[in-house]
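Here is final19.cif, consisting of mmCIF, C-alpha atoms and all ligand atoms:
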```
data_protein
loop_
_atom_site.label_atom_id
_atom_site.label_comp_id
_atom_site.auth_asym_id
_atom_site.auth_seq_id
_atom_site.Cartn_x
_atom_site.Cartn_y
_atom_site.Cartn_z
CA MET M 10 1.06 2.24 -21.70
CA ASN M 11 -0.61 -0.66 -23.43
CA LYS M 12 -3.33 -2.83 -21.88
CA VAL M 13 -4.48 -0.44 -19.15
CA ALA M 14 -4.68 2.39 -21.70
CA ALA M 15 -6.66 0.33 -24.22
CA GLY M 16 -9.83 2.40 -23.84
CA ILE M 17 -8.07 5.76 -24.15
CA PRO M 18 -8.14 7.23 -27.66
CA ALA M 19 -4.73 8.97 -27.31
CA LEU M 20 -1.13 7.74 -27.21
CA VAL M 21 -0.38 7.38 -23.50
CA LEU M 22 3.26 7.51 -22.39
CA ALA M 23 4.64 7.22 -18.89
CA LYS M 24 7.71 8.85 -17.45
CA VAL M 25 8.72 6.21 -14.93
CA GLU M 26 10.77 7.85 -12.19
CA THR M 27 11.75 4.70 -10.33
CA PHE M 28 15.21 4.58 -11.96
CA ASN M 29 16.56 7.39 -9.79
CA PRO M 30 18.97 6.20 -7.07
CA GLY M 31 16.35 6.64 -4.34
CA HIS M 32 13.68 5.03 -6.59
CA SER M 33 11.54 8.16 -6.80
CA ILE M 34 11.30 11.48 -8.60
CA LYS M 35 12.09 13.24 -5.34
CA ASP M 36 15.84 12.68 -5.75
CA ARG M 37 15.71 15.55 -8.22
CA ILE M 38 14.45 18.06 -5.67
CA ALA M 39 16.64 16.71 -2.89
CA VAL M 40 19.84 17.51 -4.79
CA ARG M 41 18.50 20.88 -5.91
CA MET M 42 17.31 22.01 -2.45
CA VAL M 43 20.68 21.05 -0.94
CA ASP M 44 22.66 22.69 -3.79
CA ASP M 45 20.73 25.95 -3.43
CA ALA M 46 20.99 25.96 0.38
CA GLU M 47 24.75 25.33 0.23
CA ALA M 48 25.16 28.06 -2.38
CA ASP M 49 23.51 30.79 -0.29
CA GLY M 50 24.84 29.60 3.09
CA ARG M 51 21.58 28.26 4.61
CA LEU M 52 23.29 24.87 4.90
CA LYS M 53 26.84 24.74 6.26
CA PRO M 54 29.36 21.87 6.48
CA GLY M 55 28.45 19.30 9.13
CA GLY M 56 24.92 20.69 9.41
CA THR M 57 21.67 18.83 9.99
CA ILE M 58 19.06 18.57 7.23
CA ILE M 59 15.48 18.50 8.55
CA GLU M 60 12.45 17.73 6.44
CA CYS M 61 8.82 16.75 6.74
CA THR M 62 8.38 14.03 4.15
CA SER M 63 6.07 11.22 3.13
CA GLY M 64 9.30 9.28 2.65
CA ASN M 65 10.51 9.87 -0.88
CA THR M 66 12.02 13.33 -0.40
CA GLY M 67 13.59 11.98 2.77
CA MET M 68 15.15 9.15 0.79
CA GLY M 69 16.67 11.57 -1.74
CA LEU M 70 17.91 13.88 1.02
CA ALA M 71 19.33 10.96 3.00
CA LEU M 72 21.36 9.87 -0.03
CA VAL M 73 22.70 13.40 -0.62
CA ALA M 74 23.44 13.76 3.09
CA CYS M 75 25.40 10.48 3.19
CA VAL M 76 27.59 11.63 0.31
CA ARG M 77 28.06 15.21 1.54
CA GLY M 78 28.40 14.54 5.26
CA TYR M 79 25.19 15.97 6.75
CA LYS M 80 22.97 14.54 9.47
CA THR M 81 19.28 14.05 8.65
CA ILE M 82 16.14 14.18 10.77
CA PHE M 83 12.79 13.50 9.12
CA THR M 84 9.29 13.97 10.39
CA THR M 85 6.67 11.84 8.70
CA SER M 86 3.03 10.95 9.26
CA ASP M 87 1.79 7.69 10.72
CA LYS M 88 -0.02 6.65 7.53
CA GLN M 89 3.24 6.24 5.60
CA SER M 90 4.35 2.71 4.81
CA LYS M 91 6.75 1.05 7.23
CA GLU M 92 9.02 0.24 4.30
CA LYS M 93 9.60 3.96 3.64
CA ILE M 94 10.42 4.65 7.28
CA ASP M 95 12.75 1.65 7.55
CA MET M 96 14.62 2.71 4.42
CA LEU M 97 15.30 6.17 5.85
CA LYS M 98 16.62 4.58 9.02
CA ALA M 99 18.79 2.24 6.93
CA LEU M 100 20.55 5.34 5.58
CA GLY M 101 21.29 6.58 9.08
CA SER M 102 18.46 9.10 9.35
CA GLU M 103 16.45 9.80 12.46
CA VAL M 104 12.71 9.49 11.78
CA ILE M 105 9.98 11.01 13.93
CA VAL M 106 6.51 9.63 13.20
CA CYS M 107 3.74 12.19 13.80
CA PRO M 108 -0.07 11.79 13.80
CA THR M 109 -1.78 12.22 10.39
CA ASN M 110 -5.14 13.36 11.67
CA VAL M 111 -4.18 16.73 13.15
CA GLU M 112 -4.36 20.25 11.67
CA PRO M 113 -1.19 21.43 9.91
CA ASP M 114 -0.67 24.14 12.56
CA ASP M 115 -1.22 21.72 15.46
CA PRO M 116 2.09 21.47 17.37
CA ARG M 117 2.03 17.67 16.83
CA SER M 118 1.79 17.87 13.01
CA TYR M 119 4.75 16.82 10.94
CA TYR M 120 5.12 20.38 9.59
CA SER M 121 5.13 21.95 13.08
CA ILE M 122 7.60 19.45 14.49
CA ALA M 123 10.01 19.98 11.55
CA ARG M 124 9.78 23.75 12.04
CA LYS M 125 10.38 23.48 15.78
CA LEU M 126 13.38 21.16 15.33
CA SER M 127 14.92 23.59 12.85
CA GLN M 128 14.55 26.41 15.42
CA ASP M 129 16.02 24.35 18.25
CA ILE M 130 18.92 22.55 16.53
CA PRO M 131 21.93 24.75 15.79
CA ASN M 132 23.39 24.62 12.26
CA SER M 133 20.27 22.95 10.88
CA PHE M 134 18.36 23.58 7.67
CA TRP M 135 14.67 22.79 7.19
CA CYS M 136 14.22 22.10 3.47
CA ASN M 137 10.44 22.65 3.58
CA GLN M 138 9.68 21.14 0.19
CA TYR M 139 6.19 22.65 0.33
CA ASP M 140 7.26 26.28 0.18
CA ASN M 141 10.90 26.02 -0.94
CA LEU M 142 10.80 27.02 -4.61
CA SER M 143 14.02 25.10 -5.35
CA ASN M 144 11.56 22.18 -5.52
CA ARG M 145 9.73 23.34 -8.62
CA GLU M 146 12.94 24.78 -10.08
CA ALA M 147 14.38 21.24 -10.07
CA HIS M 148 11.53 20.12 -12.31
CA TYR M 149 11.71 23.25 -14.46
CA SER M 150 15.36 22.51 -15.19
CA SER M 151 15.22 18.71 -15.49
CA THR M 152 11.82 16.93 -15.65
CA GLY M 153 10.20 19.45 -18.04
CA PRO M 154 13.08 19.55 -20.58
CA GLU M 155 13.41 15.75 -20.49
CA ILE M 156 9.72 15.26 -21.30
CA TRP M 157 9.94 17.81 -24.12
CA ASP M 158 13.00 16.09 -25.64
CA GLN M 159 11.76 12.54 -25.07
CA THR M 160 8.47 13.23 -26.89
CA ASP M 161 10.20 15.27 -29.62
CA GLY M 162 7.99 18.15 -28.58
CA LYS M 163 4.82 16.16 -29.41
CA ILE M 164 3.35 16.12 -25.91
CA THR M 165 -0.18 17.56 -25.76
CA HIS M 166 -1.15 16.68 -22.15
CA LEU M 167 0.84 16.29 -18.94
CA VAL M 168 -0.90 14.34 -16.14
CA VAL M 169 0.69 14.49 -12.68
CA GLY M 170 -0.31 13.67 -9.11
CA VAL M 171 0.01 16.81 -6.99
CA GLY M 172 1.45 16.92 -3.47
CA THR M 173 3.87 19.78 -2.89
CA GLY M 174 3.10 20.81 -6.46
CA GLY M 175 6.79 20.95 -7.39
CA THR M 176 6.64 18.30 -10.12
CA ILE M 177 3.59 19.64 -11.90
CA SER M 178 4.41 23.33 -11.60
CA GLY M 179 8.08 23.08 -12.61
CA ALA M 180 7.48 20.73 -15.53
CA ALA M 181 4.39 22.69 -16.63
CA LYS M 182 6.25 26.00 -16.67
CA PHE M 183 8.94 24.63 -18.97
CA LEU M 184 6.48 22.82 -21.25
CA LYS M 185 4.07 25.75 -21.56
CA GLU M 186 7.02 28.00 -22.44
CA GLN M 187 7.71 25.65 -25.38
CA ASN M 188 4.05 25.23 -26.36
CA PRO M 189 1.36 27.14 -24.47
CA ASN M 190 -1.33 24.77 -25.81
CA ILE M 191 -0.08 21.83 -23.76
CA LYS M 192 -2.76 20.94 -21.22
CA ILE M 193 -1.65 20.35 -17.64
CA TRP M 194 -3.95 18.12 -15.57
CA GLY M 195 -3.34 17.64 -11.86
CA ILE M 196 -4.45 14.50 -10.06
CA ASP M 197 -5.87 15.05 -6.59
CA THR M 198 -7.38 12.80 -3.89
CA TYR M 199 -10.69 12.89 -2.04
CA GLY M 200 -9.89 14.58 1.27
CA SER M 201 -7.65 17.24 -0.31
CA VAL M 202 -8.20 20.94 -1.00
CA PHE M 203 -6.67 21.37 -4.47
CA LYS M 204 -9.55 20.72 -6.87
CA LYS M 205 -12.08 22.92 -5.12
CA TYR M 206 -9.50 25.69 -4.68
CA LYS M 207 -8.69 25.64 -8.41
CA GLU M 208 -12.36 25.69 -9.39
CA THR M 209 -13.68 28.26 -6.91
CA GLY M 210 -10.70 30.04 -5.36
CA ILE M 211 -12.02 28.88 -1.97
CA PHE M 212 -9.82 27.06 0.54
CA ASP M 213 -12.55 24.88 2.01
CA PRO M 214 -11.69 23.09 5.27
CA LYS M 215 -14.74 20.86 4.68
CA GLU M 216 -12.81 19.25 1.80
CA ILE M 217 -10.20 17.99 4.28
CA TYR M 218 -10.55 14.50 5.75
CA PRO M 219 -8.20 11.55 6.19
CA TYR M 220 -7.38 9.52 3.12
CA ILE M 221 -5.11 6.59 2.41
CA THR M 222 -3.35 7.48 -0.87
CA GLU M 223 0.28 8.46 -0.25
CA GLY M 224 2.19 11.37 -1.78
CA ILE M 225 -0.63 13.42 -3.31
CA GLY M 226 -3.36 15.74 -2.06
CA GLU M 227 -2.89 18.34 0.69
CA ASP M 228 -4.59 20.09 3.57
CA ILE M 229 -2.52 23.23 2.86
CA LEU M 230 -1.75 25.30 -0.23
CA PRO M 231 2.00 24.85 -0.74
CA ALA M 232 3.85 27.76 -2.37
CA ASN M 233 5.14 25.33 -5.02
CA VAL M 234 1.68 24.81 -6.55
CA ASP M 235 1.26 27.32 -9.37
CA PHE M 236 -2.51 27.10 -9.94
CA ASP M 237 -2.27 29.32 -13.04
CA LEU M 238 -0.23 26.69 -14.85
CA ILE M 239 -2.63 23.84 -14.00
CA ASP M 240 -5.61 23.63 -16.32
CA LYS M 241 -7.72 21.34 -14.19
CA PHE M 242 -7.72 18.84 -11.34
CA GLU M 243 -9.27 15.39 -11.28
CA LYS M 244 -9.91 13.51 -8.04
CA VAL M 245 -9.23 9.78 -7.78
CA SER M 246 -10.44 7.65 -4.86
CA ASP M 247 -8.13 5.63 -2.61
CA LYS M 248 -9.71 2.41 -3.81
CA ASP M 249 -9.54 3.13 -7.54
CA ALA M 250 -5.91 4.25 -7.25
CA ALA M 251 -4.89 1.13 -5.34
CA LEU M 252 -6.66 -1.19 -7.78
CA MET M 253 -5.10 0.60 -10.74
CA ALA M 254 -1.58 0.36 -9.27
CA ARG M 255 -2.14 -3.41 -9.03
CA ARG M 256 -3.26 -3.51 -12.67
CA LEU M 257 -0.15 -1.58 -13.73
CA ALA M 258 1.94 -4.25 -12.05
CA LYS M 259 0.04 -7.25 -13.36
CA GLU M 260 -0.84 -6.02 -16.84
CA GLU M 261 2.08 -3.75 -17.74
CA GLY M 262 4.81 -5.35 -15.63
CA ILE M 263 5.73 -2.10 -13.86
CA LEU M 264 5.72 -2.21 -10.05
CA LEU M 265 4.83 1.32 -8.98
CA GLY M 266 3.70 3.37 -6.01
CA TYR M 267 0.19 4.36 -4.96
CA SER M 268 0.16 7.74 -6.73
CA ALA M 269 1.02 6.10 -10.06
CA GLY M 270 -2.30 4.28 -9.75
CA SER M 271 -3.97 7.66 -9.11
CA ALA M 272 -2.42 9.20 -12.22
CA MET M 273 -3.35 6.27 -14.48
CA GLN M 274 -6.88 6.09 -13.09
CA GLY M 275 -7.19 9.88 -13.47
CA ILE M 276 -6.45 9.77 -17.19
CA ILE M 277 -8.94 6.94 -17.64
CA GLN M 278 -11.59 9.08 -15.93
CA LEU M 279 -10.74 11.94 -18.32
CA LYS M 280 -10.48 9.85 -21.48
CA ASP M 281 -13.50 11.41 -23.18
CA GLU M 282 -11.62 14.70 -23.35
CA LEU M 283 -8.86 13.15 -25.49
CA LYS M 284 -8.55 12.44 -29.21
CA SER M 285 -6.42 10.06 -31.26
CA THR M 286 -3.77 12.64 -32.17
CA ASP M 287 -3.12 13.53 -28.51
CA VAL M 288 0.13 12.53 -26.80
CA VAL M 289 -0.36 12.18 -23.05
CA VAL M 290 2.56 11.93 -20.62
CA LEU M 291 1.88 10.58 -17.14
CA ILE M 292 4.48 10.91 -14.42
CA PHE M 293 4.89 7.89 -12.15
CA HIS M 294 6.58 9.15 -9.01
CA ASP M 295 7.89 6.13 -7.15
CA HIS M 296 8.53 2.41 -6.96
CA GLY M 297 6.11 -0.25 -5.73
CA SER M 298 8.60 -1.86 -3.34
CA ARG M 299 7.53 0.76 -0.78
CA TYR M 300 3.94 -0.48 -0.87
CA ILE M 301 4.39 -4.25 -0.74
CA GLY M 302 2.79 -4.43 2.72
CA LYS M 303 -0.07 -2.16 1.58
CA ILE M 304 -1.67 -1.98 -1.85
CA TYR M 305 0.09 -5.15 -3.01
CA ASN M 306 -1.04 -7.09 0.06
CA ASP M 307 -4.45 -8.76 -0.38
CA ASN M 308 -5.28 -8.71 3.33
CA TRP M 309 -4.48 -4.97 3.60
CA MET M 310 -6.72 -4.36 0.59
CA ARG M 311 -9.56 -6.49 1.97
CA GLU M 312 -9.43 -4.83 5.39
CA ARG M 313 -10.15 -1.51 3.64
CA GLY M 314 -12.89 -2.98 1.47
CA PHE M 315 -10.78 -2.45 -1.67
CA LEU M 316 -10.91 -6.06 -2.86
CA GLU M 317 -14.25 -7.47 -3.77
CA ASP M 318 -13.01 -10.93 -4.66
CA GLU M 319 -14.29 -13.73 -2.50
CA LEU M 320 -12.18 -15.21 0.24
CA LYS M 321 -11.35 -18.83 -0.50
CA VAL M 322 -10.64 -21.73 1.85
CA LEU M 323 -6.90 -21.27 1.26
CA ASP M 324 -7.14 -17.58 2.32
CA LEU M 325 -8.74 -18.67 5.58
CA VAL M 326 -5.98 -21.22 6.12
CA ALA M 327 -3.42 -18.45 5.51
CA ARG M 328 -5.03 -16.38 8.27
CA LYS M 329 -4.63 -19.09 10.90
CA SER M 330 -2.00 -18.03 13.42
CA ASP M 331 -1.02 -21.66 14.08
CA LYS M 332 -1.02 -23.80 10.96
CA THR M 333 0.35 -27.00 12.57
CA PHE M 334 -1.65 -29.94 11.27
CA PHE M 335 -2.26 -32.80 13.73
CA SER M 336 -3.61 -36.17 12.64
CA ALA M 337 -3.90 -39.61 14.16
CA SER M 338 -3.38 -43.01 12.57
CA PRO M 339 -6.01 -45.75 13.04
CA ASP M 340 -3.70 -48.06 14.98
CA GLN M 341 -2.85 -45.47 17.65
CA THR M 342 -4.46 -46.11 21.03
CA VAL M 343 -7.23 -44.03 22.56
CA LYS M 344 -4.79 -43.07 25.32
CA GLU M 345 -2.17 -41.78 22.86
CA VAL M 346 -4.64 -39.76 20.84
CA PHE M 347 -6.32 -38.36 23.93
CA HIS M 348 -2.88 -37.24 25.16
CA LEU M 349 -2.05 -35.70 21.76
CA MET M 350 -5.32 -33.72 21.74
CA LYS M 351 -5.01 -32.61 25.35
CA SER M 352 -1.40 -31.47 25.14
CA ASN M 353 -2.03 -29.50 21.93
CA ASP M 354 -5.37 -28.09 23.04
CA ILE M 355 -7.28 -29.47 20.03
CA SER M 356 -10.88 -30.63 20.14
CA GLN M 357 -11.04 -32.62 16.90
CA ILE M 358 -8.51 -34.64 14.97
CA PRO M 359 -8.63 -36.31 11.56
CA VAL M 360 -7.56 -39.92 11.21
CA LEU M 361 -5.32 -40.54 8.19
CA GLU M 362 -4.04 -43.79 6.75
CA ASN M 363 -1.55 -43.76 3.86
CA ASP M 364 -2.38 -40.06 3.35
CA LYS M 365 -6.12 -40.93 3.05
CA ASN M 366 -8.80 -39.26 5.12
CA ILE M 367 -10.46 -42.28 6.74
CA GLY M 368 -12.00 -41.04 9.97
CA SER M 369 -12.12 -38.47 12.73
CA LEU M 370 -12.22 -38.17 16.47
CA THR M 371 -13.69 -35.41 18.58
CA GLU M 372 -12.89 -34.56 22.15
CA SER M 373 -16.42 -35.44 23.26
CA LYS M 374 -16.31 -38.84 21.57
CA VAL M 375 -13.01 -39.69 23.29
CA LEU M 376 -14.23 -38.37 26.64
CA ASN M 377 -17.50 -40.27 26.47
CA TYR M 378 -15.60 -43.42 25.61
CA LEU M 379 -13.22 -42.97 28.53
CA ILE M 380 -16.07 -42.25 30.95
CA GLU M 381 -18.18 -45.15 29.82
CA ASN M 382 -15.27 -47.58 29.68
CA PRO M 383 -12.86 -48.19 32.50
CA MET M 384 -9.28 -46.98 31.89
CA VAL M 385 -8.18 -50.51 31.02
CA HIS M 386 -9.79 -49.97 27.64
CA ALA M 387 -7.73 -46.88 26.93
CA ASP M 388 -5.29 -49.11 25.08
CA GLN M 389 -7.97 -49.88 22.51
CA LYS M 390 -7.07 -48.84 18.91
CA ILE M 391 -8.91 -45.73 17.79
CA SER M 392 -10.03 -47.46 14.58
CA SER M 393 -12.72 -49.11 16.70
CA ILE M 394 -14.20 -45.84 17.97
CA MET M 395 -13.44 -43.29 15.24
CA GLU M 396 -16.26 -41.54 13.44
CA ALA M 397 -16.80 -40.59 9.79
CA PRO M 398 -14.05 -38.47 8.21
CA PHE M 399 -14.39 -34.68 8.13
CA PRO M 400 -15.43 -33.38 4.71
CA LEU M 401 -12.44 -32.96 2.37
CA ILE M 402 -12.96 -29.87 0.23
CA SER M 403 -10.99 -28.10 -2.47
CA SER M 404 -8.82 -25.18 -1.32
CA ASP M 405 -10.54 -22.83 -3.76
CA VAL M 406 -14.06 -23.32 -2.40
CA PRO M 407 -15.39 -19.79 -1.74
CA PHE M 408 -15.92 -18.76 1.86
CA THR M 409 -19.63 -18.18 1.23
CA GLN M 410 -20.14 -21.85 0.40
CA LEU M 411 -18.47 -23.11 3.56
CA SER M 412 -21.57 -23.07 5.75
CA LYS M 413 -22.99 -26.21 4.15
CA TYR M 414 -19.98 -28.23 5.32
CA PHE M 415 -20.27 -27.20 8.95
CA THR M 416 -22.98 -29.20 10.72
CA MET M 417 -23.75 -30.22 14.27
CA LYS M 418 -21.71 -33.34 13.53
CA ASP M 419 -18.89 -31.82 11.46
CA GLN M 420 -17.14 -28.96 13.21
CA ALA M 421 -14.19 -29.03 10.83
CA VAL M 422 -13.27 -29.49 7.17
CA LEU M 423 -10.03 -30.67 5.62
CA THR M 424 -8.27 -29.31 2.57
CA LYS M 425 -4.95 -29.79 0.79
CA ASP M 426 -2.81 -27.00 -0.67
CA LEU M 427 -0.92 -27.16 -3.97
CA THR M 428 2.07 -28.82 -2.30
CA GLY M 429 -0.19 -31.62 -1.07
CA ALA M 430 0.05 -30.51 2.57
CA TRP M 431 -3.05 -31.10 4.73
CA HIS M 432 -4.86 -28.29 6.54
CA ILE M 433 -7.81 -28.29 8.88
CA LEU M 434 -10.32 -25.47 9.20
CA THR M 435 -12.44 -25.62 12.32
CA SER M 436 -15.55 -23.54 12.93
CA TYR M 437 -13.39 -21.60 15.43
CA ASP M 438 -10.86 -20.78 12.64
CA VAL M 439 -13.64 -19.51 10.41
CA VAL M 440 -15.02 -17.27 13.14
CA GLN M 441 -11.48 -15.93 13.79
CA ALA M 442 -10.98 -15.23 10.08
CA ILE M 443 -14.26 -13.30 9.91
C1 LIG T 501 4.68 9.00 -4.29
C2 LIG T 501 4.50 10.44 -4.60
N1 LIG T 501 3.66 10.77 -5.58
C3 LIG T 501 3.42 12.05 -5.89
C4 LIG T 501 4.02 13.08 -5.19
C5 LIG T 501 3.67 14.50 -5.57
O1 LIG T 501 4.76 15.20 -6.12
P1 LIG T 501 4.92 16.72 -5.82
O2 LIG T 501 5.23 16.86 -4.36
O3 LIG T 501 6.05 17.17 -6.67
O4 LIG T 501 3.64 17.41 -6.15
C6 LIG T 501 4.90 12.77 -4.16
C7 LIG T 501 5.50 13.82 -3.34
O5 LIG T 501 5.83 13.64 -2.20
C8 LIG T 501 5.16 11.42 -3.86
O6 LIG T 501 6.01 11.06 -2.88
#
```
Can you give me the file's structure in the form of structure tokens?
Ligand SMILES: Cc1ncc(COP(=O)(O)O)c(C=O)c1O
Amino acid sequence: MNKVAAGIPALVLAKVETFNPGHSIKDRIAVRMVDDAEADGRLKPGGTIIECTSGNTGMGLALVACVRGYKTIFTTSDKQSKEKIDMLKALGSEVIVCPTNVEPDDPRSYYSIARKLSQDIPNSFWCNQYDNLSNREAHYSSTGPEIWDQTDGKITHLVVGVGTGGTISGAAKFLKEQNPNIKIWGIDTYGSVFKKYKETGIFDPKEIYPYITEGIGEDILPANVDFDLIDKFEKVSDKDAALMARRLAKEEGILLGYSAGSAMQGIIQLKDELKSTDVVVLIFHDHGSRYIGKIYNDNWMRERGFLEDELKVLDLVARKSDKTFFSASPDQTVKEVFHLMKSNDISQIPVLENDKNIGSLTESKVLNYLIENPMVHADQKISSIMEAPFPLISSDVPFTQLSKYFTMKDQAVLTKDLTGAWHILTSYDVVQAI
């Protein structure tokens, strides 16, 4: 890592797991859980694979199932990105979306529903990546050795987001067997039980509350987490993780998932514990394509208060549901323009001539004219009754400066985008955008 790691005294390397066929590290455990279940007869030909998954394990399992002829049913929680769910469906899987904000043992939780399905469906196998130790074994036999070889044994710190705990525990076991001095740091979220449990041995339900980060943190203690192998946990907030994932994309050119932002932010928070001779390896679990509608979407970020940048006029234009731009030309008649406004339900219209903003008409001006003048005058050209043009402002004027353009007289402003297309922002549009 280069720019984002500039303030960290150590060498910071990333193991980028997006090159797996399912674009996440979870392909490793999918193959291993299926191999082990086939080997001891828990999974039989033509069977149904069931799993509760935030999406990535499901993706890996769906790929294995396609190749080996199994059906797949996944339970997932309603905070997972739509992209993840749609991808599972694209591979022929059935996906059941369950509520996030229920206790793990609530019959509606994604764990309970997976368990129930596995009891009800004959010839089915519930992988249960949380407690199935094939999960961490996959990382003990692949991820750990790869990191050791790829750093020529120079790794001093492994930093990993923790969900089921399979990645960190499997890789840590292998690495600590090679060099017991390697430090293993787990990255946790606010709203998860891991950090407090590691520090106090207490499973504290008060630590549990809904959070937005995907893939890491838990409200249970999965059997795959080996707390003895993890030296410490660091919590990263939803906002900091999301902002860091965006920096990884824009500054390092690597489009990654939410938990990659957590891992990178975590090591920045812990930088004072590192020295120049240290070699840190971060694991980045999945690809950013799954989060395009979320952390990489400015509106999604703003709605959660994660983006502090100011809204600009162009952002407000983008939020308009109907962006059709109506204008009149000065030689149109009052009748024509009145009809145009009435049939399109608009109360003000700019008057343009040769792409120049030369005047405006409001509904009240037209109405007053028609009331005061008999209908015979409706064929009058609007140039004779139009008012001053609406203010034309730059599309990057900040939202907070808009108020000075809206007056009793001017209920709209005009702007042009980079393609030269005209847009109108009425006071109604601004209220809608707010
Ligand atoms: C995006 C993402 N990051 C991190 C993790 C955590 O990995 P593990 O379950 O091996 O602890 C997961 C697991 O689901 C994940 O999907």
May I ask which of the residues M:Arg299, M:His432, M:Lys182, M:Lys91 is the closest one to ligand LIG 501 (chain T), counting all atoms listed in the file?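 Ranked by minimum distance to ligand LIG 501 (chain T), first place goes to M:Arg299.
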Using 8 Å as the limit and counting all atoms listed in the file, can you tabulate each residue of chain M that touches ligand LIG 501 (chain T), with its shortest atom-to-atom distance in Å and the two atoms involved, as JSON lines?
```
{"residue": "M:Ser33", "atom": "CA", "partner": "T:LIG501", "partner_atom": "C1", "distance": 7.4}
{"residue": "M:Ile34", "atom": "CA", "partner": "T:LIG501", "partner_atom": "C8", "distance": 7.8}
{"residue": "M:Lys35", "atom": "CA", "partner": "T:LIG501", "partner_atom": "C7", "distance": 6.9}
{"residue": "M:Thr62", "atom": "CA", "partner": "T:LIG501", "partner_atom": "O5", "distance": 6.9}
{"residue": "M:Ser63", "atom": "CA", "partner": "T:LIG501", "partner_atom": "O5", "distance": 5.9}
{"residue": "M:Gly64", "atom": "CA", "partner": "T:LIG501", "partner_atom": "O6", "distance": 6.7}
{"residue": "M:Asn65", "atom": "CA", "partner": "T:LIG501", "partner_atom": "O6", "distance": 5.1}
{"residue": "M:Thr66", "atom": "CA", "partner": "T:LIG501", "partner_atom": "O5", "distance": 6.5}
{"residue": "M:Gln138", "atom": "CA", "partner": "T:LIG501", "partner_atom": "O2", "distance": 7.7}
{"residue": "M:Tyr139", "atom": "CA", "partner": "T:LIG501", "partner_atom": "O2", "distance": 7.5}
{"residue": "M:Asn144", "atom": "CA", "partner": "T:LIG501", "partner_atom": "O3", "distance": 7.5}
{"residue": "M:Arg145", "atom": "CA", "partner": "T:LIG501", "partner_atom": "O3", "distance": 7.4}
{"residue": "M:Val169", "atom": "CA", "partner": "T:LIG501", "partner_atom": "C5", "distance": 7.7}
{"residue": "M:Gly170", "atom": "CA", "partner": "T:LIG501", "partner_atom": "C3", "distance": 5.2}
{"residue": "M:Val171", "atom": "CA", "partner": "T:LIG501", "partner_atom": "O4", "distance": 3.8}
{"residue": "M:Gly172", "atom": "CA", "partner": "T:LIG501", "partner_atom": "O4", "distance": 3.5}
{"residue": "M:Thr173", "atom": "CA", "partner": "T:LIG501", "partner_atom": "O2", "distance": 3.5}
{"residue": "M:Gly174", "atom": "CA", "partner": "T:LIG501", "partner_atom": "O4", "distance": 3.5}
{"residue": "M:Gly175", "atom": "CA", "partner": "T:LIG501", "partner_atom": "O3", "distance": 3.9}
{"residue": "M:Thr176", "atom": "CA", "partner": "T:LIG501", "partner_atom": "O3", "distance": 3.7}
{"residue": "M:Ile177", "atom": "CA", "partner": "T:LIG501", "partner_atom": "O4", "distance": 6.2}
{"residue": "M:Glu223", "atom": "CA", "partner": "T:LIG501", "partner_atom": "C1", "distance": 6.0}
{"residue": "M:Gly224", "atom": "CA", "partner": "T:LIG501", "partner_atom": "C8", "distance": 3.6}
{"residue": "M:Ile225", "atom": "CA", "partner": "T:LIG501", "partner_atom": "C5", "distance": 5.0}
{"residue": "M:Gly226", "atom": "CA", "partner": "T:LIG501", "partner_atom": "C5", "distance": 8.0}
{"residue": "M:Val234", "atom": "CA", "partner": "T:LIG501", "partner_atom": "O4", "distance": 7.7}
{"residue": "M:Gly266", "atom": "CA", "partner": "T:LIG501", "partner_atom": "C1", "distance": 6.0}
{"residue": "M:Tyr267", "atom": "CA", "partner": "T:LIG501", "partner_atom": "C1", "distance": 6.5}
{"residue": "M:Ser268", "atom": "CA", "partner": "T:LIG501", "partner_atom": "N1", "distance": 4.8}
{"residue": "M:Ala269", "atom": "CA", "partner": "T:LIG501", "partner_atom": "N1", "distance": 7.0}
{"residue": "M:Phe293", "atom": "CA", "partner": "T:LIG501", "partner_atom": "N1", "distance": 7.3}
{"residue": "M:His294", "atom": "CA", "partner": "T:LIG501", "partner_atom": "N1", "distance": 4.8}
{"residue": "M:Asp295", "atom": "CA", "partner": "T:LIG501", "partner_atom": "C1", "distance": 5.2}
```
Using only C-alpha atoms, the residue out of M:Leu265, M:Thr85, M:Val346, M:Asp438 with shortest distance to Met253 (chain M) is M:Leu265
Of the residues M:Ile367, M:Ile394, M:Leu323, M:Val43, which is the one nearest to Ala442 (chain M), using all atoms listed in the file?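 Smallest separation from Ala442 (chain M) among the options: M:Leu323.
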I want to know what sits within 7 Å of Phe183 (chain M), based on all atoms listed in the file, with residues of the same chain fewer than 6 positions away left out; could you give that as a PyMOL selection string? chain M and resi 149+153-154
Quick one: distance from CA of Trp135 (chain M) to CA of Ala123 (chain M) in Å, one decimal? 7.0 Å
I need the residue nearest Cys75 (chain M) from this list: M:Gly55, M:Ala430, M:Trp194, M:Phe203. Use only C-alpha atoms for the distance.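 Distance minimum relative to Cys75 (chain M) lands on M:Gly55.
Reported to one decimal place, the separation of CA of Phe83 (chain M) from CA of Glu112 (chain M) is 18.6 Å.
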Between M:Ser86, M:Gln278, M:Ser102, M:Thr81, single out the one closest to Val168 (chain M), counting all atoms listed in the file. M:Gln278
Residue nearest Gly31 (chain M) among M:Ala19, M:Ala14, M:Leu257, M:Val73 (counting only C-alpha atoms):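 Looking at the shortest contact to Gly31 (chain M), the residue is M:Val73.
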Interatomic distance (Å, one decimal) between CA of Ser336 (chain M) and CA of Pro359 (chain M):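 These atoms are spaced 5.1 Å apart.
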